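Chemist: To be precise about what I am sending: the file is called work.txt and holds compact mmCIF, C-alpha atoms.
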# COMPACT_ATOMS: atom_id res chain seq x y z
CA MET C 1 23.92 -7.58 -25.69
CA SER C 2 21.05 -9.11 -27.68
CA TYR C 3 19.49 -12.34 -26.46
CA GLY C 4 17.77 -14.98 -28.59
CA ASN C 5 14.36 -14.47 -26.92
CA GLY C 6 14.03 -10.90 -28.25
CA THR C 7 15.36 -9.13 -25.17
CA ALA C 8 18.41 -6.87 -25.12
CA TYR C 9 20.59 -5.33 -22.41
CA GLU C 10 22.46 -2.06 -22.63
CA GLY C 11 24.57 -0.95 -19.72
CA ASP C 12 27.46 -1.73 -17.41
CA TRP C 13 29.21 -5.10 -17.19
CA GLU C 14 31.72 -6.63 -14.84
CA MET C 15 33.45 -9.96 -15.48
CA GLY C 16 30.75 -11.02 -17.98
CA THR C 17 27.75 -10.22 -15.77
CA ARG C 18 25.37 -7.27 -15.74
CA GLN C 19 26.62 -5.05 -12.95
CA GLY C 20 26.19 -1.32 -12.42
CA HIS C 21 23.51 0.64 -14.27
CA GLY C 22 21.65 -0.83 -17.22
CA ILE C 23 18.46 -1.20 -19.23
CA LEU C 24 16.81 -4.52 -20.12
CA SER C 25 14.24 -4.25 -22.93
CA TYR C 26 12.34 -6.46 -25.38
CA ASN C 27 11.29 -6.08 -28.99
CA CYS C 28 7.63 -5.16 -29.50
CA GLU C 29 5.50 -6.54 -32.36
CA SER C 30 5.19 -2.97 -33.64
CA GLY C 31 8.93 -2.91 -34.25
CA GLY C 32 9.96 -0.71 -31.31
CA GLN C 33 11.38 -1.65 -27.96
CA SER C 34 9.77 -1.62 -24.54
CA ARG C 35 11.74 -1.44 -21.32
CA ILE C 36 11.44 -4.23 -18.81
CA TYR C 37 13.86 -2.89 -16.20
CA THR C 38 15.92 0.26 -15.82
CA GLY C 39 18.20 0.57 -12.82
CA THR C 40 21.15 -0.91 -10.98
CA TRP C 41 22.33 -4.51 -11.34
CA LEU C 42 24.41 -6.83 -9.20
CA ALA C 43 25.55 -10.27 -10.37
CA ASP C 44 23.10 -10.31 -13.33
CA LYS C 45 20.04 -9.42 -11.21
CA PRO C 46 18.22 -6.14 -10.45
CA HIS C 47 19.68 -4.90 -7.18
CA GLY C 48 19.31 -1.41 -5.68
CA PHE C 49 17.00 1.23 -7.10
CA GLY C 50 15.14 0.52 -10.32
CA LEU C 51 12.01 0.79 -12.45
CA ARG C 52 10.34 -2.48 -13.54
CA GLN C 53 7.59 -2.74 -16.16
CA TYR C 54 5.51 -5.97 -16.10
CA ARG C 55 3.83 -7.55 -19.11
CA ASP C 56 0.37 -7.17 -17.52
CA GLY C 57 0.84 -3.38 -17.41
CA GLY C 58 1.99 -3.12 -13.80
CA LEU C 59 4.85 -0.82 -12.89
CA TYR C 60 7.16 -0.91 -9.86
CA LYS C 61 9.49 1.88 -8.82
CA GLY C 62 11.70 1.22 -5.83
CA LEU C 63 14.34 -0.99 -4.29
CA PHE C 64 15.34 -4.49 -5.41
CA SER C 65 17.48 -7.20 -3.85
CA GLU C 66 18.70 -10.15 -5.93
CA GLY C 67 16.00 -9.56 -8.55
CA LYS C 68 13.04 -9.22 -6.14
CA ARG C 69 11.22 -6.15 -4.82
CA HIS C 70 12.83 -5.60 -1.44
CA GLY C 71 12.79 -2.40 0.66
CA TYR C 72 10.67 0.66 0.01
CA GLY C 73 8.83 0.85 -3.29
CA CYS C 74 5.70 1.94 -5.13
CA MET C 75 3.71 -0.56 -7.23
CA TYR C 76 1.11 0.57 -9.79
CA TYR C 77 -1.23 -2.36 -10.55
CA PRO C 78 -3.10 -2.78 -13.86
CA ASP C 79 -6.49 -2.55 -12.06
CA GLY C 80 -5.67 0.98 -10.87
CA LYS C 81 -4.58 0.20 -7.30
CA VAL C 82 -1.36 1.69 -5.98
CA PHE C 83 0.76 0.33 -3.13
CA MET C 84 3.42 2.43 -1.41
CA GLY C 85 5.41 0.78 1.32
CA LEU C 86 7.79 -1.95 2.34
CA TRP C 87 8.57 -5.16 0.46
CA VAL C 88 10.39 -8.29 1.61
CA GLN C 89 11.51 -10.82 -1.02
CA GLY C 90 8.83 -9.73 -3.51
CA CYS C 91 5.89 -9.55 -1.02
CA ARG C 92 4.26 -6.52 0.61
CA THR C 93 5.46 -6.95 4.20
CA GLY C 94 5.65 -4.25 6.86
CA VAL C 95 3.97 -0.84 6.83
CA GLY C 96 2.33 0.48 3.69
CA ARG C 97 -0.60 2.20 2.01
CA LEU C 98 -2.86 0.55 -0.59
CA ILE C 99 -4.99 3.02 -2.56
CA SER C 100 -7.98 2.14 -4.77
CA TYR C 101 -8.00 4.34 -7.87
CA ASP C 102 -11.76 4.13 -8.57
CA THR C 103 -13.07 4.91 -5.05
CA LYS C 104 -10.01 6.75 -3.66
CA ASP C 105 -10.46 4.63 -0.49
CA TYR C 106 -7.22 3.48 1.03
CA TYR C 107 -5.80 1.17 3.66
CA GLU C 108 -2.86 2.27 5.75
CA GLY C 109 -1.21 -0.18 8.10
CA SER C 110 0.54 -3.52 8.38
CA PHE C 111 1.01 -6.09 5.64
CA LYS C 112 2.36 -9.64 5.87
CA ASN C 113 3.05 -11.98 2.94
CA GLY C 114 1.37 -9.58 0.54
CA VAL C 115 -1.97 -9.08 2.37
CA LYS C 116 -3.37 -6.83 5.11
CA SER C 117 -2.38 -8.31 8.44
CA GLY C 118 -2.08 -6.59 11.83
CA ARG C 119 -3.11 -3.09 12.88
CA GLY C 120 -4.46 -0.81 10.18
CA ARG C 121 -6.90 1.89 9.17
CA TYR C 122 -9.23 1.84 6.20
CA TYR C 123 -10.27 5.30 4.99
CA HIS C 124 -13.78 5.42 3.43
CA MET C 125 -13.50 8.56 1.33
CA ASN C 126 -17.14 8.48 0.17
CA THR C 127 -18.53 8.74 3.72
CA GLY C 128 -15.63 10.50 5.44
CA GLN C 129 -15.08 7.72 7.97
CA ILE C 130 -12.12 5.71 9.19
CA GLN C 131 -12.29 2.05 10.13
CA ASP C 132 -9.54 1.40 12.69
CA GLY C 133 -8.92 -2.25 13.45
CA ILE C 134 -7.02 -5.50 13.33
CA TRP C 135 -6.67 -7.45 10.07
CA GLU C 136 -5.76 -11.09 9.56
CA ARG C 137 -5.00 -12.49 6.09
CA ASN C 138 -6.85 -9.62 4.36
CA GLU C 139 -9.95 -9.98 6.60
CA LEU C 140 -11.02 -7.39 9.14
CA LYS C 141 -11.38 -9.15 12.50
CA VAL C 142 -12.33 -6.29 14.83
CA SER C 143 -12.72 -2.57 14.22
CA MET C 144 -14.03 0.75 15.41
CA MET C 145 -15.55 3.39 13.10
CA LEU C 146 -14.48 7.02 13.48
CA ASP C 147 -15.44 10.21 11.66
CA ASP C 148 -12.53 11.74 9.74
CA LYS C 149 -12.60 15.49 10.42
CA ARG C 150 -10.53 16.15 7.27
CA THR C 151 -12.69 14.29 4.74
CA ARG C 152 -16.20 14.25 6.27
CA PRO C 153 -17.01 17.87 5.28
CA ILE C 154 -16.13 17.16 1.63
CA ALA C 155 -17.38 13.54 1.43
CA LYS C 156 -19.88 12.73 -1.34
CA ALA C 157 -22.21 10.70 0.87
CA PRO C 158 -21.44 11.34 4.56
CA THR C 159 -23.41 9.35 7.09
CA PRO C 160 -26.51 11.25 8.32
CA TYR C 161 -25.30 11.42 11.93
CA PRO C 162 -21.76 11.87 13.18
CA ILE C 163 -20.36 9.04 15.28
CA PRO C 164 -19.96 10.23 18.89
CA LEU C 165 -16.73 9.43 20.70
CA LEU C 166 -17.27 6.93 23.54
CA TRP C 167 -15.45 6.21 26.77
CA LEU C 168 -16.14 4.40 30.00
CA ASP C 169 -17.21 6.52 32.96
CA ASP C 170 -15.40 4.11 35.28
CA PRO C 171 -12.84 1.89 33.50
CA ASN C 172 -12.43 -0.25 36.65
CA ASN C 173 -16.03 -1.40 36.31
CA ALA C 174 -16.08 -1.91 32.55
CA PHE C 175 -18.53 -4.82 32.75
CA THR C 176 -21.13 -3.01 34.85
CA ASN C 177 -20.97 0.50 33.35
CA PHE C 178 -21.93 1.57 29.87
CA ALA C 179 -19.95 3.81 27.59
CA THR C 180 -21.15 7.43 27.50
CA PRO C 181 -21.01 9.47 24.28
CA VAL C 182 -18.78 12.55 24.51
CA TYR C 183 -21.59 15.02 23.86
CA GLU C 184 -23.75 13.52 26.67
CA ARG C 185 -20.82 13.48 29.12
CA THR C 186 -20.03 17.10 28.28
CA GLN C 187 -23.62 18.05 29.05
CA ILE C 188 -23.59 16.05 32.28
CA SER C 189 -20.32 17.60 33.48
CA ARG C 190 -21.69 21.13 33.02
CA LYS C 191 -24.66 20.52 35.33
Could you rewrite the structure in this file as structure tokens?

Modeler:
Amino acid sequence: MSYGNGTAYEGDWEMGTRQGHGILSYNCESGGQSRIYTGTWLADKPHGFGLRQYRDGGLYKGLFSEGKRHGYGCMYYPDGKVFMGLWVQGCRTGVGRLISYDTKDYYEGSFKNGVKSGRGRYYHMNTGQIQDGIWERNELKVSMMLDDKRTRPIAKAPTPYPIPLLWLDDPNNAFTNFATPVYERTQISRK
């Protein structure tokens, strides 16, 4: 089926609507065709598993529901970022991982309405550290820095001193006692 706006559909039909497997494409200025969507259709909308190419250069591979990204999917953004995780009605919502192509840093955790929200970890690949915390509307509200034993030895610019693990000597008196670094407590316990 060719449409007046330069797009064309090739695939399965049922009762006059796109249903089953099909490819929606548009005519390029160079004379060829570029695919917009390849995958399953239900009642004229992408539904089920598919591959969607956006005009800005973005690419989504994953599940759709009634034409929107819904379920698990992977989105490749034009700026080089990649998101792998859950979608609800076209928004990143639930658990996912957002990777930055240029720095290789990534966030792994909760998303709500398309932004970081809830518990998550940000991996600083350049220093080999992890920032574990709580996010609200893409802003980090509270966090704790940890050394990542996997990436710190190969990090380009690791921090000069490792971050010691801390704990309270007496959790019942948290307001009167100070936290003791692990290496100091280990030395104390051996005496």

Chemist: Please compute the atom CA of C:Arg121-atom CA of C:Pro158 distance, one decimal, in Å.

Modeler: 17.9 Å

Chemist: Could you pull the residues within 8 Å of C:Phe83, counting all atoms listed in the file, minus those fewer than 5 positions along the same chain, as a PyMOL selection string?

Modeler: chain C and resi 74-76+96-99

Chemist: Would you compute the distance between atom CA of C:Leu42 and atom CA of C:Asn113? Give it in Å to one decimal.

Modeler: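 Taking atom CA of C:Leu42 and atom CA of C:Asn113, their separation equals 25.1 Å.
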
Chemist: May I have the residues at most 12 Å from (14.9, -0.6, -1.8) in the file's coordinates, counting only C-alpha atoms, as a PyMOL selection string?

Modeler: chain C and resi 39-40+46-51+60-74+84-90

Chemist: Could you give me, as an NGL selection string, the residues that sit within 12 Å of (-12.0, 2.8, -4.9) in the file's coordinates, counting only C-alpha atoms?

Modeler: :C and (79-82 or 98-107 or 122-126)

Chemist: So how many Å separate atom CA of C:Ser34 and atom CA of C:Pro78, to one decimal?

Modeler: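 Interatomic distance here is 16.8 Å.
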
Chemist: Choose the residue, out of C:Thr38, C:Gly109, C:Val115, C:Lys156, that has the smallest atom-to-atom separation from C:Ile134; count only C-alpha atoms.

Modeler: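 Of C:Thr38, C:Gly109, C:Val115, C:Lys156, the one nearest C:Ile134, counting only C-alpha atoms, is C:Gly109.
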
Chemist: Would you pick out the contacts of stretch 138-143 of chain C at 10 Å or less, using all atoms listed in the file, so that residues sharing its chain but fewer than 5 positions from it are not included, and give the list as a list of chain:residue names?

Modeler: C:Phe111, C:Lys112, C:Gly114, C:Val115, C:Lys116, C:Ser117, C:Gly118, C:Arg119, C:Gly120, C:Arg121, C:Tyr122, C:Ile130, C:Gln131, C:Asp132, C:Gly133

Chemist: With all atoms listed in the file as the atoms that count, which of C:Arg152, C:Arg55, C:Arg92, C:Lys45 lies nearest to C:Arg18?

Modeler: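 Smallest separation from C:Arg18 among the options: C:Lys45.
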
Chemist: Excluding C:Lys149 and residues on its chain fewer than 5 positions from it, collect all residues at most 10 Å away from it, counting all atoms listed in the file, and give them as JSON, numbers by chain.

Modeler: {"C": [128, 129, 130, 154]}

Chemist: Output C-alpha atoms for every residue in that selection, as an mmCIF file, in the frame of the given file.

Modeler:
data_model
loop_
_atom_site.group_PDB
_atom_site.id
_atom_site.type_symbol
_atom_site.label_atom_id
_atom_site.label_comp_id
_atom_site.auth_asym_id
_atom_site.auth_seq_id
_atom_site.Cartn_x
_atom_site.Cartn_y
_atom_site.Cartn_z
ATOM 1 C CA GLY C 128 -15.630 10.500 5.440
ATOM 2 C CA GLN C 129 -15.080 7.720 7.970
ATOM 3 C CA ILE C 130 -12.120 5.710 9.190
ATOM 4 C CA ILE C 154 -16.130 17.160 1.630
#

Chemist: Could you tell me which of C:Asp56, C:Thr127, C:Met144, C:Val95 comes closest to C:Tyr161 if we count all atoms listed in the file?

Modeler: C:Thr127

Chemist: Return stretch 19-43 of chain C, completed with N, CA and C atoms, as a PDB file, in the coordinates of the input.

Modeler:
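So result12.pdb came out as:
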ATOM      1  N   GLN C  19      26.317  -5.626 -14.254  1.00  0.00           N
ATOM      2  CA  GLN C  19      26.620  -5.050 -12.950  1.00  0.00           C
ATOM      3  C   GLN C  19      26.831  -3.559 -13.117  1.00  0.00           C
ATOM      4  N   GLY C  20      26.157  -2.772 -12.284  1.00  0.00           N
ATOM      5  CA  GLY C  20      26.190  -1.320 -12.420  1.00  0.00           C
ATOM      6  C   GLY C  20      24.820  -0.834 -12.855  1.00  0.00           C
ATOM      7  N   HIS C  21      24.775   0.118 -13.779  1.00  0.00           N
ATOM      8  CA  HIS C  21      23.510   0.640 -14.270  1.00  0.00           C
ATOM      9  C   HIS C  21      23.245   0.093 -15.664  1.00  0.00           C
ATOM     10  N   GLY C  22      21.974  -0.310 -15.907  1.00  0.00           N
ATOM     11  CA  GLY C  22      21.650  -0.830 -17.220  1.00  0.00           C
ATOM     12  C   GLY C  22      20.170  -0.890 -17.493  1.00  0.00           C
ATOM     13  N   ILE C  23      19.845  -1.145 -18.783  1.00  0.00           N
ATOM     14  CA  ILE C  23      18.460  -1.200 -19.230  1.00  0.00           C
ATOM     15  C   ILE C  23      18.231  -2.541 -19.926  1.00  0.00           C
ATOM     16  N   LEU C  24      17.226  -3.283 -19.466  1.00  0.00           N
ATOM     17  CA  LEU C  24      16.810  -4.520 -20.120  1.00  0.00           C
ATOM     18  C   LEU C  24      15.507  -4.221 -20.849  1.00  0.00           C
ATOM     19  N   SER C  25      15.438  -4.536 -22.144  1.00  0.00           N
ATOM     20  CA  SER C  25      14.240  -4.250 -22.930  1.00  0.00           C
ATOM     21  C   SER C  25      13.930  -5.424 -23.844  1.00  0.00           C
ATOM     22  N   TYR C  26      12.716  -5.417 -24.427  1.00  0.00           N
ATOM     23  CA  TYR C  26      12.340  -6.460 -25.380  1.00  0.00           C
ATOM     24  C   TYR C  26      11.750  -5.820 -26.620  1.00  0.00           C
ATOM     25  N   ASN C  27      11.819  -6.562 -27.717  1.00  0.00           N
ATOM     26  CA  ASN C  27      11.290  -6.080 -28.990  1.00  0.00           C
ATOM     27  C   ASN C  27       9.781  -6.221 -29.026  1.00  0.00           C
ATOM     28  N   CYS C  28       9.090  -5.152 -29.378  1.00  0.00           N
ATOM     29  CA  CYS C  28       7.630  -5.160 -29.500  1.00  0.00           C
ATOM     30  C   CYS C  28       7.242  -5.643 -30.906  1.00  0.00           C
ATOM     31  N   GLU C  29       6.010  -6.118 -31.042  1.00  0.00           N
ATOM     32  CA  GLU C  29       5.500  -6.540 -32.360  1.00  0.00           C
ATOM     33  C   GLU C  29       5.429  -5.374 -33.323  1.00  0.00           C
ATOM     34  N   SER C  30       5.267  -4.161 -32.798  1.00  0.00           N
ATOM     35  CA  SER C  30       5.190  -2.970 -33.640  1.00  0.00           C
ATOM     36  C   SER C  30       6.545  -2.555 -34.210  1.00  0.00           C
ATOM     37  N   GLY C  31       7.596  -3.216 -33.753  1.00  0.00           N
ATOM     38  CA  GLY C  31       8.930  -2.910 -34.250  1.00  0.00           C
ATOM     39  C   GLY C  31       9.782  -2.120 -33.292  1.00  0.00           C
ATOM     40  N   GLY C  32       9.195  -1.484 -32.289  1.00  0.00           N
ATOM     41  CA  GLY C  32       9.960  -0.710 -31.310  1.00  0.00           C
ATOM     42  C   GLY C  32      10.440  -1.581 -30.176  1.00  0.00           C
ATOM     43  N   GLN C  33      10.939  -0.935 -29.141  1.00  0.00           N
ATOM     44  CA  GLN C  33      11.380  -1.650 -27.960  1.00  0.00           C
ATOM     45  C   GLN C  33      10.656  -1.118 -26.731  1.00  0.00           C
ATOM     46  N   SER C  34      10.397  -2.000 -25.798  1.00  0.00           N
ATOM     47  CA  SER C  34       9.770  -1.620 -24.540  1.00  0.00           C
ATOM     48  C   SER C  34      10.694  -2.029 -23.398  1.00  0.00           C
ATOM     49  N   ARG C  35      10.841  -1.153 -22.437  1.00  0.00           N
ATOM     50  CA  ARG C  35      11.740  -1.440 -21.320  1.00  0.00           C
ATOM     51  C   ARG C  35      11.092  -2.375 -20.317  1.00  0.00           C
ATOM     52  N   ILE C  36      11.874  -3.325 -19.869  1.00  0.00           N
ATOM     53  CA  ILE C  36      11.440  -4.230 -18.810  1.00  0.00           C
ATOM     54  C   ILE C  36      11.954  -3.701 -17.471  1.00  0.00           C
ATOM     55  N   TYR C  37      13.253  -3.353 -17.446  1.00  0.00           N
ATOM     56  CA  TYR C  37      13.860  -2.890 -16.200  1.00  0.00           C
ATOM     57  C   TYR C  37      14.930  -1.851 -16.516  1.00  0.00           C
ATOM     58  N   THR C  38      14.889  -0.777 -15.745  1.00  0.00           N
ATOM     59  CA  THR C  38      15.920   0.260 -15.820  1.00  0.00           C
ATOM     60  C   THR C  38      16.402   0.504 -14.401  1.00  0.00           C
ATOM     61  N   GLY C  39      17.686   0.338 -14.162  1.00  0.00           N
ATOM     62  CA  GLY C  39      18.200   0.570 -12.820  1.00  0.00           C
ATOM     63  C   GLY C  39      19.535  -0.078 -12.604  1.00  0.00           C
ATOM     64  N   THR C  40      19.850  -0.335 -11.331  1.00  0.00           N
ATOM     65  CA  THR C  40      21.150  -0.910 -10.980  1.00  0.00           C
ATOM     66  C   THR C  40      21.067  -2.435 -10.942  1.00  0.00           C
ATOM     67  N   TRP C  41      22.194  -3.048 -11.259  1.00  0.00           N
ATOM     68  CA  TRP C  41      22.330  -4.510 -11.340  1.00  0.00           C
ATOM     69  C   TRP C  41      23.470  -4.960 -10.442  1.00  0.00           C
ATOM     70  N   LEU C  42      23.338  -6.188  -9.949  1.00  0.00           N
ATOM     71  CA  LEU C  42      24.410  -6.830  -9.200  1.00  0.00           C
ATOM     72  C   LEU C  42      24.362  -8.319  -9.521  1.00  0.00           C
ATOM     73  N   ALA C  43      25.443  -8.845 -10.038  1.00  0.00           N
ATOM     74  CA  ALA C  43      25.550 -10.270 -10.370  1.00  0.00           C
ATOM     75  C   ALA C  43      24.398 -10.735 -11.257  1.00  0.00           C
TER      76      ALA C  43
END
